[in-house]
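Enquirer: Submitted below is the structure of interest, expressed as structure tokens.
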Amino acid sequence: MHLLGVTLITNGVELGYPFVQCIRNLSKCCDRVLVSTDMDANRDSTGRVLFELEEELGNISIIFDAWDWSVNNGTDLAERINHCMDEALSVGGFDSVLYVQADEIVSFEEINVLKNAIDFASTNVFLERTYFWKDLNHINKSWTMHLPRLCVLTKGLRVVEDGMSMKVDDKFPSVYVPNDVARIYHYSRVGDTKKIADRLNTLDSLFHETDSFSPIEEYMFGMNNNFESGAEKSLIEDISVKHPDGIEVFYNKS
């Protein structure tokens with residue numbers, strides 16, 4: 001069984017994404033990792049960091065793609081990942097794919113447990129996308145959900161809508177994995193509040209009409225209601241988990 005990893009990032013250094021930790025963990029989980037970036041749009045050192053990771057890790061390949069920044073419903077980001085999967089299908093040799101975004105990370109130890117329990121080459125795996133909120137010890141239950149992200153790689157597999165989910169090839173069965181076995185760790189609302197605001201002001205334009213939200217100078221948890229639909233106090237829950245490699249160091253420095 002050969003597992004492909006896919007992710008995407010542009011301006012990750014400037015916007016405070018844990019994309020290095022994302023890619024390092026994917027590299028350990030997968031036989032090959034494809035990373036889509038819009039090099040012409042990078043305003044920071046993200047491109048240089050990607051080249052360094054490519055050289056250091058050995059199983060990383062950068063896919064240079066022109067993102068369409070005028071599309072504001074997320075579908076262009078979905079197409080970037082579909083492009084990566086099409087590249088892999090044209091080369092051949094991969095049975096399944098693990099897709100995460102640059103603010104999402106999987107644990108090598110957890111994926112290894114799954115490898116011993118599930119045949120990825122014949123099963124679509126739904127993993128809980130656990131949405132950490134404010135810090136590494138709280139989650140937003142309303143934004144936490146199971147998504148198909150570890151799937152059999154066929155021409156019938158597509159990333160759809162705003163890029164959060166995948167339309168699986170339904171010729172294969174699906175399995176929902178409990179979060180105490182494996183999960184996707186999601187960190188878009190963790191860290192420096194100004195960096196969170198920068199990410200939302202910059203990248204939410206790829207997901208929403210510009211008049212559907214107001215730009216913010218700093219993220220205020222529980223206050224920025226246009227970005228916090230469903231983030232009610234009753235839905236915020238304490239959690240204690242072992243985060244993937246590099247995450248605690250990254251956010252302790254932020």
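By convention in this document, the chains of the structure tokens carry letters A, B, ... by their order, each chain's residues are numbered from 1, and ligands are numbered from 1 in the order they are shown.
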Can you pull out the residues contacting A:Val175? Cut-off 9 Å, using only C-alpha atoms, and skip same-chain residues under 6 positions away; I want them as a compact mmCIF listing (two decimals) with C-alpha atoms, in the first residue's frame.
Expert:
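selection31.txt was written with the following content:
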```txt
# COMPACT_ATOMS: atom_id res chain seq x y z
CA ILE A 118 -7.65 -0.54 8.27
CA THR A 123 -11.62 1.88 2.59
CA ASN A 124 -12.62 5.54 2.77
CA VAL A 125 -11.75 6.79 6.25
CA PHE A 126 -13.68 9.59 7.98
CA LEU A 127 -11.57 11.32 10.64
```
Enquirer: What's the 9 Å shell around stretch 90-99 of chain A, counting only C-alpha atoms, without same-chain residues fewer than 5 positions away, as an MDAnalysis selection string?
Expert: chainID A and resid 1:7 26 29:32 81 85 120:124 148:154
Enquirer: Would you please work out which residue, of A:Ser165, A:Ser45, A:Asn137, A:Asn112, is nearest to A:Asn82 when using only C-alpha atoms?
Expert: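 Closest residue, counting only C-alpha atoms: A:Ser165.
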Enquirer: Could you go through stretch 50-159 of chain A and tell me which residues DSSP, when run on the backbone, assigns to strand (DSSP E), listing them as a PyMOL selection string?
Expert: chain A and resi 60-64+96-99+104-105+124-134+138-140+145-152+158-159
Enquirer: Pull the helix (DSSP H, G or I) assignments for stretch 118-250 of chain A out of DSSP run on the backbone, and list those residues as number ranges by chain.
Expert: A: 120-122, 141-143, 193-206, 210-212, 225-227, 233-235, 247-250
Enquirer: Would you list the contacts of A:Asn201 as a PyMOL selection string, taking every protein, DNA or RNA residue within 9 Å and counting only C-alpha atoms, but skipping same-chain residues closer than 4 positions in sequence?
Expert: chain A and resi 196-197+205+214-217
Enquirer: Atoms to include: C-alpha atoms. Write the selected residues as a PDB file, in the first residue's frame.
Expert:
```
ATOM      1  CA  ILE A 196      -5.687  35.032  13.390  1.00  0.00           C
ATOM      2  CA  ALA A 197      -7.190  38.326  12.181  1.00  0.00           C
ATOM      3  CA  SER A 205     -11.761  36.214   0.864  1.00  0.00           C
ATOM      4  CA  SER A 214     -16.145  42.954   8.107  1.00  0.00           C
ATOM      5  CA  PRO A 215     -12.335  43.086   8.308  1.00  0.00           C
ATOM      6  CA  ILE A 216     -11.017  42.935  11.872  1.00  0.00           C
ATOM      7  CA  GLU A 217      -7.837  44.336  13.406  1.00  0.00           C
TER       8      GLU A 217
END
```
Enquirer: Just the number, please: distance in Å from atom CA of A:Gly191 to atom CA of A:Gly12, one decimal.
Expert: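 Interatomic distance, atom CA of A:Gly191 to atom CA of A:Gly12: 13.9 Å.
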Enquirer: In Å to one decimal, how far is atom CA of A:Glu237 from atom CA of A:Met220?
Expert: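 Atom CA of A:Glu237 lies 17.8 Å from atom CA of A:Met220.
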Enquirer: Which residues come within 7 Å of A:Arg80, counting only C-alpha atoms, excluding same-chain residues fewer than 4 positions away, as a list in words?
Expert: Ser36, Asp76 and Cys84 of chain A
Enquirer: For C-alpha atoms, I'd like the residues from the last selection saved as a PDB file, in the first residue's frame.
Expert:
```pdb
ATOM      1  CA  SER A  36       0.469  23.186  -3.822  1.00  0.00           C
ATOM      2  CA  ASP A  76     -10.430  27.110  -6.326  1.00  0.00           C
ATOM      3  CA  CYS A  84      -2.333  17.359  -6.975  1.00  0.00           C
TER       4      CYS A  84
END
```
Enquirer: Name all residues at most 10 Å from stretch 240-254 of chain A (count only C-alpha atoms; drop same-chain ones fewer than 6 positions away) and give them as a PyMOL selection string.
Expert: chain A and resi 16-18+20-22+24-25+105-110+135-139+180+184-185+187+190-193+195
Enquirer: Suppose you want the space between atom CA of A:Asp40 and atom CA of A:Asp162; what is it in Å?
Expert: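 Atom CA of A:Asp162 lies 22.5 Å from atom CA of A:Asp40.
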Enquirer: For A:Met164, find every residue with an atom within 10 Å (counting only C-alpha atoms), except residues of its own chain fewer than 6 positions away, and show them as a count of residues only.
Expert: 11
